[in-house]
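Colleague: Below is the file target_26.csv, which contains CSV, C-alpha atoms.
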```
chain,number,residue,atom,x,y,z
A,622,MET,CA,0.0,0.0,0.0
A,623,LYS,CA,1.3,3.5,-0.9
A,624,VAL,CA,1.2,5.9,2.0
A,625,LYS,CA,1.4,9.6,1.2
A,626,PHE,CA,2.5,12.4,3.6
A,627,ILE,CA,2.5,16.2,3.0
A,628,SER,CA,3.1,19.1,5.3
A,629,LEU,CA,0.8,21.8,4.1
A,630,ALA,CA,2.3,24.3,6.6
A,631,SER,CA,4.4,24.0,9.7
A,632,GLY,CA,5.3,26.9,11.9
A,633,SER,CA,4.2,29.3,14.6
A,634,SER,CA,1.6,30.9,12.3
A,635,GLY,CA,-0.1,27.7,11.1
A,636,ASN,CA,0.1,23.9,11.0
A,637,CYS,CA,-1.6,21.3,8.9
A,638,TYR,CA,-0.5,17.8,7.8
A,639,TYR,CA,-2.0,15.2,5.4
A,640,LEU,CA,-1.5,11.5,5.7
A,641,GLY,CA,-3.3,9.2,3.3
A,642,THR,CA,-3.5,6.3,0.9
A,643,GLU,CA,-4.2,6.4,-2.8
A,644,THR,CA,-7.9,6.7,-2.2
A,645,TYR,CA,-8.5,8.6,1.1
A,646,GLY,CA,-6.7,10.4,4.0
A,647,ILE,CA,-6.8,12.4,7.2
A,648,LEU,CA,-5.6,15.8,8.3
A,649,ILE,CA,-3.6,16.4,11.5
A,650,ASP,CA,-4.4,19.9,12.6
A,651,ALA,CA,-6.0,22.6,10.5
A,652,GLY,CA,-4.4,25.9,11.5
A,653,ILE,CA,-4.3,27.5,8.1
A,654,GLY,CA,-7.0,29.0,5.9
A,655,ILE,CA,-9.5,26.6,4.4
A,656,ARG,CA,-8.8,28.0,0.9
A,657,THR,CA,-5.1,27.2,1.3
A,658,ILE,CA,-5.9,23.6,2.5
A,659,LYS,CA,-8.2,23.1,-0.6
A,660,LYS,CA,-5.6,24.6,-3.0
A,661,VAL,CA,-2.6,22.5,-1.7
A,662,LEU,CA,-4.6,19.3,-1.7
A,663,LYS,CA,-5.9,20.0,-5.2
A,664,ASP,CA,-2.4,20.7,-6.4
A,665,TYR,CA,-1.5,17.2,-5.3
A,666,ASN,CA,-4.7,15.7,-6.9
A,667,ILE,CA,-6.2,15.0,-3.5
A,668,LEU,CA,-10.0,15.5,-3.4
A,669,MET,CA,-11.5,17.2,-0.3
A,670,ASP,CA,-14.2,14.5,-0.2
A,671,SER,CA,-11.5,11.9,0.3
A,672,ILE,CA,-10.6,13.4,3.7
A,673,ARG,CA,-12.1,11.0,6.3
A,674,ALA,CA,-11.3,13.0,9.5
A,675,VAL,CA,-9.3,15.8,11.2
A,676,PHE,CA,-7.3,15.0,14.3
A,677,ILE,CA,-6.4,18.0,16.5
A,678,THR,CA,-3.4,18.2,18.8
A,679,HIS,CA,-4.5,21.2,20.9
A,680,ASP,CA,-6.7,24.3,20.9
A,681,HIS,CA,-4.2,27.1,19.9
A,682,ALA,CA,-5.3,29.1,16.9
A,683,ASP,CA,-2.3,28.0,14.7
A,684,HIS,CA,-3.7,24.5,14.9
A,685,ILE,CA,-7.5,25.0,14.6
A,686,LYS,CA,-8.2,28.0,12.3
A,687,ALA,CA,-10.0,26.0,9.6
A,688,VAL,CA,-11.5,23.3,11.7
A,689,GLY,CA,-15.0,24.9,12.0
A,690,ASN,CA,-15.2,25.0,8.2
A,691,LEU,CA,-14.0,21.5,7.8
A,692,GLY,CA,-16.2,20.1,10.5
A,693,GLU,CA,-19.5,21.9,10.2
A,694,LYS,CA,-19.6,23.1,6.5
A,695,MET,CA,-17.9,20.0,5.0
A,696,ASN,CA,-19.2,17.4,7.5
A,697,ILE,CA,-15.7,16.0,8.2
A,698,PRO,CA,-15.5,14.4,11.7
A,699,VAL,CA,-13.1,16.2,14.1
A,700,TYR,CA,-11.4,14.0,16.6
A,701,THR,CA,-9.7,15.0,19.8
A,702,THR,CA,-10.1,14.8,23.6
A,703,ALA,CA,-13.1,16.3,25.3
A,704,ARG,CA,-11.1,19.0,27.0
A,705,ILE,CA,-9.5,20.0,23.7
A,706,HIS,CA,-12.9,20.1,22.1
A,707,ALA,CA,-14.1,22.4,24.8
A,708,GLY,CA,-11.1,24.7,24.3
A,709,ILE,CA,-11.6,24.8,20.5
A,710,ASN,CA,-15.2,26.0,20.9
A,711,ARG,CA,-14.0,28.7,23.4
A,712,SER,CA,-11.3,30.0,21.0
A,713,TYR,CA,-11.6,33.5,19.6
A,714,CYS,CA,-10.7,32.2,16.1
A,715,MET,CA,-13.7,29.8,15.9
A,716,THR,CA,-16.4,31.7,14.0
A,717,GLU,CA,-18.0,28.3,13.2
A,718,LYS,CA,-18.4,26.4,16.4
A,719,LEU,CA,-18.2,22.6,16.3
A,720,SER,CA,-21.3,20.5,17.1
A,721,SER,CA,-22.3,17.7,14.7
A,722,SER,CA,-18.7,17.0,13.7
A,723,VAL,CA,-17.4,16.5,17.3
A,724,ARG,CA,-15.8,13.1,18.0
A,725,TYR,CA,-14.1,12.2,21.2
A,726,LEU,CA,-10.8,10.5,21.8
A,727,GLU,CA,-9.3,9.1,25.0
A,728,LYS,CA,-5.5,9.3,25.3
A,729,GLN,CA,-3.7,6.0,24.8
A,730,GLU,CA,-6.9,4.3,23.6
A,731,PRO,CA,-6.3,3.3,20.0
A,732,MET,CA,-9.0,3.7,17.4
A,733,MET,CA,-9.3,2.3,13.9
A,734,LEU,CA,-10.3,4.5,10.9
A,735,GLU,CA,-10.4,2.2,7.9
A,736,ASP,CA,-6.6,1.2,7.5
A,737,PHE,CA,-5.4,3.7,10.1
A,738,ARG,CA,-4.7,2.8,13.7
A,739,ILE,CA,-4.6,6.0,15.6
A,740,GLU,CA,-3.5,6.6,19.2
A,741,SER,CA,-3.3,9.9,20.9
A,742,PHE,CA,-1.0,10.5,23.9
A,743,GLU,CA,-0.2,13.3,26.4
A,744,VAL,CA,2.5,15.9,25.6
A,745,PRO,CA,3.5,18.8,27.8
A,746,HIS,CA,2.3,22.2,26.4
A,747,ASP,CA,0.2,25.1,27.5
A,748,GLY,CA,-3.0,24.5,25.6
A,749,THR,CA,-6.2,23.5,27.4
A,750,ASP,CA,-5.1,19.9,26.9
A,751,ASN,CA,-2.4,18.5,24.5
A,752,VAL,CA,-1.8,15.4,22.5
A,753,GLY,CA,0.6,13.9,20.0
A,754,TYR,CA,-0.5,11.2,17.6
A,755,CYS,CA,1.0,7.8,16.7
A,756,ILE,CA,-0.6,6.6,13.5
A,757,GLU,CA,0.1,3.2,12.0
A,758,ILE,CA,-0.9,2.3,8.4
A,759,ASP,CA,0.2,-0.8,6.5
A,760,GLY,CA,3.0,-1.5,9.1
A,761,LYS,CA,4.4,2.1,8.8
A,762,VAL,CA,4.3,4.1,12.0
A,763,PHE,CA,4.1,8.0,11.9
A,764,SER,CA,4.5,9.9,15.2
A,765,PHE,CA,3.5,13.6,15.3
A,766,LEU,CA,4.7,15.7,18.2
A,767,THR,CA,4.2,19.3,17.1
A,768,ASP,CA,4.1,21.4,20.3
A,769,LEU,CA,5.8,20.3,23.5
A,770,GLY,CA,8.1,21.8,26.1
A,771,GLU,CA,10.0,18.6,26.8
A,772,ILE,CA,10.1,15.0,25.9
A,773,THR,CA,8.5,13.1,28.7
A,774,PRO,CA,8.9,9.3,29.1
A,775,THR,CA,5.4,8.9,27.4
A,776,ALA,CA,6.4,11.1,24.4
A,777,ALA,CA,9.7,9.2,24.2
A,778,ARG,CA,7.9,5.9,24.0
A,779,TYR,CA,5.8,7.0,21.0
A,780,ILE,CA,8.9,8.5,19.3
A,781,SER,CA,10.7,5.2,19.7
A,782,LYS,CA,7.9,3.4,17.7
A,783,ALA,CA,8.2,5.7,14.7
A,784,HIS,CA,9.6,4.9,11.3
A,785,TYR,CA,8.5,8.4,10.3
A,786,LEU,CA,8.8,11.2,12.9
A,787,ILE,CA,7.4,14.7,12.8
A,788,LEU,CA,9.0,16.5,15.8
A,789,GLU,CA,9.2,20.1,16.9
A,790,ALA,CA,12.3,22.2,16.7
A,791,ASN,CA,10.8,25.5,17.4
A,792,TYR,CA,13.6,27.9,18.3
A,793,ASP,CA,17.3,28.5,18.5
A,794,GLU,CA,18.2,29.3,22.1
A,795,GLU,CA,20.6,32.2,21.2
A,796,MET,CA,18.1,33.8,18.8
A,797,LEU,CA,15.3,33.6,21.4
A,798,LYS,CA,17.5,35.1,24.1
A,799,MET,CA,18.7,38.0,21.9
A,800,GLY,CA,15.5,38.5,20.1
A,801,PRO,CA,12.7,41.1,20.4
A,802,TYR,CA,10.2,39.0,22.4
A,803,PRO,CA,9.2,40.4,25.9
A,804,GLN,CA,10.8,38.5,28.8
A,805,TYR,CA,7.5,36.7,29.8
A,806,LEU,CA,7.1,35.3,26.3
A,807,LYS,CA,10.7,34.1,26.2
A,808,GLU,CA,10.2,32.3,29.5
A,809,ARG,CA,6.9,30.8,28.3
A,810,ILE,CA,8.5,29.4,25.1
A,811,ALA,CA,11.5,28.0,26.9
A,812,SER,CA,9.5,26.5,29.8
A,813,ARG,CA,8.6,22.8,30.2
A,814,THR,CA,5.1,23.5,28.8
A,815,GLY,CA,6.4,25.7,26.0
A,816,HIS,CA,8.4,24.6,23.0
A,817,MET,CA,11.4,22.4,22.1
A,818,SER,CA,14.6,24.2,21.0
A,819,ASN,CA,16.8,22.9,18.2
A,820,SER,CA,19.4,21.7,20.6
A,821,ASP,CA,16.8,20.0,22.9
A,822,THR,CA,15.5,18.1,19.9
A,823,ALA,CA,19.0,17.4,18.5
A,824,GLU,CA,20.2,16.0,21.8
A,825,PHE,CA,17.2,13.8,22.3
A,826,LEU,CA,17.5,12.3,18.8
A,827,ALA,CA,21.2,11.8,19.1
A,828,GLU,CA,20.8,9.8,22.4
A,829,ASN,CA,17.6,7.9,21.4
A,830,ILE,CA,17.6,7.3,17.6
A,831,THR,CA,16.4,3.8,16.6
A,832,GLU,CA,17.6,1.7,13.7
A,833,HIS,CA,14.0,1.6,12.3
A,834,LEU,CA,13.7,5.4,12.1
A,835,ARG,CA,13.8,6.4,8.4
A,836,TYR,CA,12.7,10.0,8.2
A,837,ILE,CA,12.7,13.0,10.6
A,838,TRP,CA,10.8,16.1,9.7
A,839,LEU,CA,11.6,19.1,12.0
A,840,CYS,CA,8.3,21.0,12.5
A,841,HIS,CA,6.8,24.1,14.0
A,842,LEU,CA,9.8,26.4,13.4
A,843,SER,CA,9.5,29.9,14.8
A,844,LYS,CA,9.3,32.8,12.4
A,845,ASP,CA,11.4,35.1,14.7
A,846,ASN,CA,13.6,32.7,16.5
A,847,ASN,CA,14.7,30.1,14.0
A,848,HIS,CA,15.8,29.3,10.5
A,849,PRO,CA,15.3,26.0,8.7
A,850,GLU,CA,19.0,25.7,7.9
A,851,LEU,CA,19.9,26.3,11.5
A,852,ALA,CA,17.5,23.7,12.8
A,853,PHE,CA,18.7,21.2,10.2
A,854,LYS,CA,22.4,21.8,10.9
A,855,THR,CA,21.9,21.6,14.7
A,856,VAL,CA,20.3,18.2,14.5
A,857,GLU,CA,22.6,16.9,11.7
A,858,TRP,CA,25.7,17.8,13.7
A,859,LYS,CA,24.5,16.1,16.9
A,860,LEU,CA,23.6,13.0,15.0
A,861,LYS,CA,27.0,13.0,13.3
A,862,ASN,CA,28.7,13.1,16.6
A,863,LYS,CA,26.9,9.9,17.5
A,864,GLY,CA,27.9,8.3,14.2
A,865,VAL,CA,24.5,8.7,12.5
A,866,ILE,CA,24.9,10.1,9.0
A,867,VAL,CA,22.0,12.2,7.6
A,868,GLY,CA,21.2,11.1,4.1
A,869,LYS,CA,22.6,7.6,4.7
A,870,ASP,CA,21.3,6.3,8.0
A,871,VAL,CA,18.3,8.6,8.3
A,872,GLN,CA,16.6,11.3,6.2
A,873,LEU,CA,16.3,14.7,7.9
A,874,LEU,CA,14.2,17.7,6.7
A,875,ALA,CA,13.2,21.0,8.2
A,876,LEU,CA,9.7,21.8,7.2
A,877,LYS,CA,8.9,25.2,5.8
A,878,ARG,CA,6.5,27.4,7.7
A,879,ASN,CA,4.2,28.7,5.0
A,880,THR,CA,5.2,26.5,2.0
A,881,PRO,CA,3.9,23.0,1.4
A,882,SER,CA,6.5,20.2,1.5
A,883,GLU,CA,6.9,17.9,-1.4
A,884,LEU,CA,4.5,14.9,-1.6
A,885,TYR,CA,6.3,11.9,0.1
A,886,VAL,CA,5.2,8.5,-1.0
A,887,PHE,CA,6.2,5.4,0.9
A,888,GLU,CA,5.6,1.8,-0.2
```
Is it possible to give me this structure as structure tokens?
Modeller:
Amino acid sequence: MKVKFISLASGSSGNCYYLGTETYGILIDAGIGIRTIKKVLKDYNILMDSIRAVFITHDHADHIKAVGNLGEKMNIPVYTTARIHAGINRSYCMTEKLSSSVRYLEKQEPMMLEDFRIESFEVPHDGTDNVGYCIEIDGKVFSFLTDLGEITPTAARYISKAHYLILEANYDEEMLKMGPYPQYLKERIASRTGHMSNSDTAEFLAENITEHLRYIWLCHLSKDNNHPELAFKTVEWKLKNKGVIVGKDVQLLALKRNTPSELYVFE
């Protein structure tokens, strides 16, 4: 079975990912405009009516902007925890509140959606409630950890299962420290319920990389406190120090904030 992956956008101003087969797929987060989602999918010959569900990681605006439109206007089920659903409907960005499209998930209770086995799990972040997703399809395991302040033992367990890993590298520590953000915001970002720095992510991967991990996509890069090349080089260098060669032992890519990735197809 061919499995397709696209990052439609990945950054502090909007996040949305597609995972699918040749006939249908799902979205993970919907934090960009509905017109952009439709256009990117159309550019890759993916029909909107082939989207079976949307899975939401947390209730921050950069992850839910289009979810009202997808859920209520297009009748696509929206899955997440009860607390995240409550947070979504309280959000200022939700002009279209969710009602008929609401579907509830419990953390670490797997569900099946056609060929997808989907399991949500706790991650530390400052949304109302926060999850990552571990998704298995045709023996291929994708783990999505887009916003988290640190890698807990639970998060580490789901990372270790992945053949394909989407993991946050939000900021460069020096850029954040020297940058224009007010002190309270710098502290929030660097906290244990904030975001992962390039070096946090690099060190974890270098110490914990598995032989079955094939692809790493660095996601949710900050506009003001990071660069794709910097995130990539930080992780590449740490892996190299552990004898892991990017391009040979594992593929590494830093996802662009506002530009779709290429369409990845895995058989």
Colleague: Given the choices A:Ile709, A:Val886, A:Ala875, A:Ala811, which gets closest to Asp683 (chain A) if the distance is worked out from all atoms listed in the file?
Modeller: A:Ile709
Colleague: Under the rule that all atoms listed in the file are counted, which of A:Asp664, A:Glu643, A:Glu789, A:Asp736 is the nearest residue to Phe853 (chain A)?
Modeller: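 Of A:Asp664, A:Glu643, A:Glu789, A:Asp736, the one nearest Phe853 (chain A) is A:Glu789, counting all atoms listed in the file.
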Colleague: Find the residue from A:Tyr779, A:Tyr805, A:Phe626, A:Phe763 that sits nearest to Gln729 (chain A); use all atoms listed in the file when measuring.
Modeller: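 Nearest candidate to Gln729 (chain A) out of A:Tyr779, A:Tyr805, A:Phe626, A:Phe763: A:Tyr779.
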Colleague: Have a look at A:Leu873, A:Val752, A:Ile758, A:Val688 and name the one nearest to Thr642 (chain A); count all atoms listed in the file.
Modeller: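 Result for the nearest residue to Thr642 (chain A): A:Ile758.
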Colleague: Can you tell me which residues surround region 673-680 of chain A at a distance of at most 8 Å, considering all atoms listed in the file, apart from same-chain residues fewer than 3 positions away, and format the answer as a compact mmCIF listing (two decimals) with C-alpha atoms, keeping the file's coordinate frame?
Modeller:
```
# COMPACT_ATOMS: atom_id res chain seq x y z
CA TYR A 645 -8.50 8.60 1.10
CA GLY A 646 -6.70 10.40 4.00
CA ILE A 647 -6.80 12.40 7.20
CA LEU A 648 -5.60 15.80 8.30
CA ILE A 649 -3.60 16.40 11.50
CA ASP A 650 -4.40 19.90 12.60
CA ALA A 651 -6.00 22.60 10.50
CA ASP A 670 -14.20 14.50 -0.20
CA HIS A 684 -3.70 24.50 14.90
CA ILE A 685 -7.50 25.00 14.60
CA VAL A 688 -11.50 23.30 11.70
CA ILE A 697 -15.70 16.00 8.20
CA PRO A 698 -15.50 14.40 11.70
CA VAL A 699 -13.10 16.20 14.10
CA TYR A 700 -11.40 14.00 16.60
CA THR A 701 -9.70 15.00 19.80
CA ILE A 705 -9.50 20.00 23.70
CA HIS A 706 -12.90 20.10 22.10
CA GLY A 708 -11.10 24.70 24.30
CA ILE A 709 -11.60 24.80 20.50
CA SER A 712 -11.30 30.00 21.00
CA GLY A 748 -3.00 24.50 25.60
CA THR A 749 -6.20 23.50 27.40
CA ASP A 750 -5.10 19.90 26.90
CA ASN A 751 -2.40 18.50 24.50
CA VAL A 752 -1.80 15.40 22.50
CA GLY A 753 0.60 13.90 20.00
CA TYR A 754 -0.50 11.20 17.60
CA THR A 767 4.20 19.30 17.10
```
Colleague: Which of these, A:Cys840, A:Leu629, A:Leu797, A:Val723, has the shortest distance to Lys659 (chain A) once you count all atoms listed in the file?
Modeller: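 When distances to Lys659 (chain A) are compared using all atoms listed in the file, the smallest one comes from A:Leu629.
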Colleague: Using all atoms listed in the file for the distances, tell me which of A:Leu662, A:Gly632, A:Thr855, A:Leu640 is nearest to Asn791 (chain A).
Modeller: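 Among the listed residues, A:Gly632 lies closest to Asn791 (chain A).
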Colleague: Quick one: distance from CA of Thr775 (chain A) to CA of Ala687 (chain A) in Å, one decimal?
Modeller: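 CA of Ala687 (chain A) lies at a distance of 29.1 Å from CA of Thr775 (chain A).
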Colleague: Provide the CA of Leu691 (chain A) to CA of Glu757 (chain A) distance in Å, to one decimal place.
Modeller: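 According to the coordinates, CA of Leu691 (chain A) and CA of Glu757 (chain A) are separated by 23.5 Å.
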Colleague: For CA of Gly815 (chain A) and CA of Glu727 (chain A), determine how far apart the two atoms are, in Å to one decimal place.
Modeller: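 Computing it gives 22.9 Å between the two atoms.
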Colleague: So which residues fall inside 12 Å of (24.0, 14.8, 18.8) if we count all atoms listed in the file? Mind giving them as a list in words?
Modeller: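 Applying the cut-off with all atoms listed in the file, one gets Asn819, Ser820, Asp821, Thr822, Ala823, Glu824, Phe825, Leu826, Ala827, Glu828, Asn829, Ile830, Phe853, Lys854, Thr855, Val856, Glu857, Trp858, Lys859, Leu860, Lys861, Asn862, Lys863, Gly864, Val865, Ile866 and Val867 of chain A.
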Colleague: Considering all atoms listed in the file, return as a list of chain:residue names whatever protein or nucleic-acid residues lie within 9 Å of His833 (chain A), sequence-local ones (same chain, fewer than 6 positions apart) excluded.
Modeller: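 That gives A:Ser781, A:Lys782, A:Ala783, A:His784, A:Tyr785.
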Colleague: Restore all heavy atoms in region 697-708 of chain A and list the result as an mmCIF file, in the frame of the given file.
Modeller:
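This went into out-v5.cif:
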```cif
data_model
loop_
_atom_site.group_PDB
_atom_site.id
_atom_site.type_symbol
_atom_site.label_atom_id
_atom_site.label_comp_id
_atom_site.auth_asym_id
_atom_site.auth_seq_id
_atom_site.Cartn_x
_atom_site.Cartn_y
_atom_site.Cartn_z
ATOM 1 N N ILE A 697 -16.837 16.894 7.925
ATOM 2 C CA ILE A 697 -15.700 16.000 8.200
ATOM 3 C C ILE A 697 -15.589 15.834 9.710
ATOM 4 O O ILE A 697 -15.495 16.833 10.431
ATOM 5 C CB ILE A 697 -14.389 16.570 7.604
ATOM 6 C CG1 ILE A 697 -14.512 16.710 6.084
ATOM 7 C CG2 ILE A 697 -13.205 15.692 7.981
ATOM 8 C CD1 ILE A 697 -13.368 17.466 5.427
ATOM 9 N N PRO A 698 -15.597 14.609 10.234
ATOM 10 C CA PRO A 698 -15.500 14.400 11.700
ATOM 11 C C PRO A 698 -14.186 14.994 12.241
ATOM 12 O O PRO A 698 -13.132 14.874 11.603
ATOM 13 C CB PRO A 698 -15.512 12.887 11.841
ATOM 14 C CG PRO A 698 -16.112 12.366 10.586
ATOM 15 C CD PRO A 698 -15.748 13.329 9.508
ATOM 16 N N VAL A 699 -14.294 15.618 13.404
ATOM 17 C CA VAL A 699 -13.100 16.200 14.100
ATOM 18 C C VAL A 699 -12.886 15.470 15.375
ATOM 19 O O VAL A 699 -13.713 15.500 16.293
ATOM 20 C CB VAL A 699 -13.359 17.722 14.349
ATOM 21 C CG1 VAL A 699 -12.155 18.315 15.072
ATOM 22 C CG2 VAL A 699 -13.634 18.471 13.043
ATOM 23 N N TYR A 700 -11.757 14.792 15.443
ATOM 24 C CA TYR A 700 -11.400 14.000 16.600
ATOM 25 C C TYR A 700 -10.399 14.656 17.493
ATOM 26 O O TYR A 700 -9.386 15.165 17.010
ATOM 27 C CB TYR A 700 -10.790 12.646 16.140
ATOM 28 C CG TYR A 700 -11.741 11.663 15.520
ATOM 29 C CD1 TYR A 700 -12.022 11.716 14.153
ATOM 30 C CD2 TYR A 700 -12.342 10.666 16.285
ATOM 31 C CE1 TYR A 700 -12.889 10.799 13.565
ATOM 32 C CE2 TYR A 700 -13.208 9.743 15.707
ATOM 33 C CZ TYR A 700 -13.471 9.813 14.354
ATOM 34 O OH TYR A 700 -14.320 8.906 13.779
ATOM 35 N N THR A 701 -10.663 14.652 18.788
ATOM 36 C CA THR A 701 -9.700 15.000 19.800
ATOM 37 C C THR A 701 -10.283 14.754 21.169
ATOM 38 O O THR A 701 -11.388 14.224 21.266
ATOM 39 C CB THR A 701 -9.193 16.493 19.626
ATOM 40 O OG1 THR A 701 -8.026 16.689 20.419
ATOM 41 C CG2 THR A 701 -10.264 17.518 19.985
ATOM 42 N N THR A 702 -9.570 15.117 22.233
ATOM 43 C CA THR A 702 -10.100 14.800 23.600
ATOM 44 C C THR A 702 -11.231 15.806 23.920
ATOM 45 O O THR A 702 -11.380 16.867 23.297
ATOM 46 C CB THR A 702 -8.985 15.004 24.642
ATOM 47 O OG1 THR A 702 -8.629 16.394 24.754
ATOM 48 C CG2 THR A 702 -7.745 14.186 24.313
ATOM 49 N N ALA A 703 -12.016 15.435 24.911
ATOM 50 C CA ALA A 703 -13.100 16.300 25.300
ATOM 51 C C ALA A 703 -12.673 17.655 25.769
ATOM 52 O O ALA A 703 -13.300 18.674 25.441
ATOM 53 C CB ALA A 703 -13.909 15.581 26.472
ATOM 54 N N ARG A 704 -11.566 17.713 26.499
ATOM 55 C CA ARG A 704 -11.100 19.000 27.000
ATOM 56 C C ARG A 704 -10.564 19.881 25.815
ATOM 57 O O ARG A 704 -10.777 21.100 25.804
ATOM 58 C CB ARG A 704 -9.954 18.814 28.003
ATOM 59 C CG ARG A 704 -10.483 18.349 29.369
ATOM 60 C CD ARG A 704 -9.336 18.127 30.348
ATOM 61 N NE ARG A 704 -8.587 19.348 30.579
ATOM 62 C CZ ARG A 704 -7.276 19.381 30.829
ATOM 63 N NH1 ARG A 704 -6.570 18.266 30.882
ATOM 64 N NH2 ARG A 704 -6.676 20.534 31.046
ATOM 65 N N ILE A 705 -9.914 19.262 24.845
ATOM 66 C CA ILE A 705 -9.500 20.000 23.700
ATOM 67 C C ILE A 705 -10.695 20.540 22.900
ATOM 68 O O ILE A 705 -10.737 21.707 22.482
ATOM 69 C CB ILE A 705 -8.519 19.245 22.774
ATOM 70 C CG1 ILE A 705 -7.221 18.918 23.525
ATOM 71 C CG2 ILE A 705 -8.195 20.027 21.497
ATOM 72 C CD1 ILE A 705 -6.283 17.957 22.802
ATOM 73 N N HIS A 706 -11.707 19.688 22.737
ATOM 74 C CA HIS A 706 -12.900 20.100 22.100
ATOM 75 C C HIS A 706 -13.550 21.337 22.762
ATOM 76 O O HIS A 706 -13.978 22.302 22.109
ATOM 77 C CB HIS A 706 -13.950 18.995 21.965
ATOM 78 C CG HIS A 706 -13.888 18.245 20.672
ATOM 79 N ND1 HIS A 706 -14.022 18.861 19.447
ATOM 80 C CD2 HIS A 706 -13.702 16.925 20.411
ATOM 81 C CE1 HIS A 706 -13.928 17.959 18.482
ATOM 82 N NE2 HIS A 706 -13.730 16.771 19.034
ATOM 83 N N ALA A 707 -13.587 21.301 24.086
ATOM 84 C CA ALA A 707 -14.100 22.400 24.800
ATOM 85 C C ALA A 707 -13.294 23.693 24.585
ATOM 86 O O ALA A 707 -13.837 24.793 24.387
ATOM 87 C CB ALA A 707 -14.177 22.113 26.324
ATOM 88 N N GLY A 708 -11.983 23.522 24.567
ATOM 89 C CA GLY A 708 -11.100 24.700 24.300
ATOM 90 C C GLY A 708 -11.238 25.205 22.899
ATOM 91 O O GLY A 708 -11.196 26.424 22.692
#
```
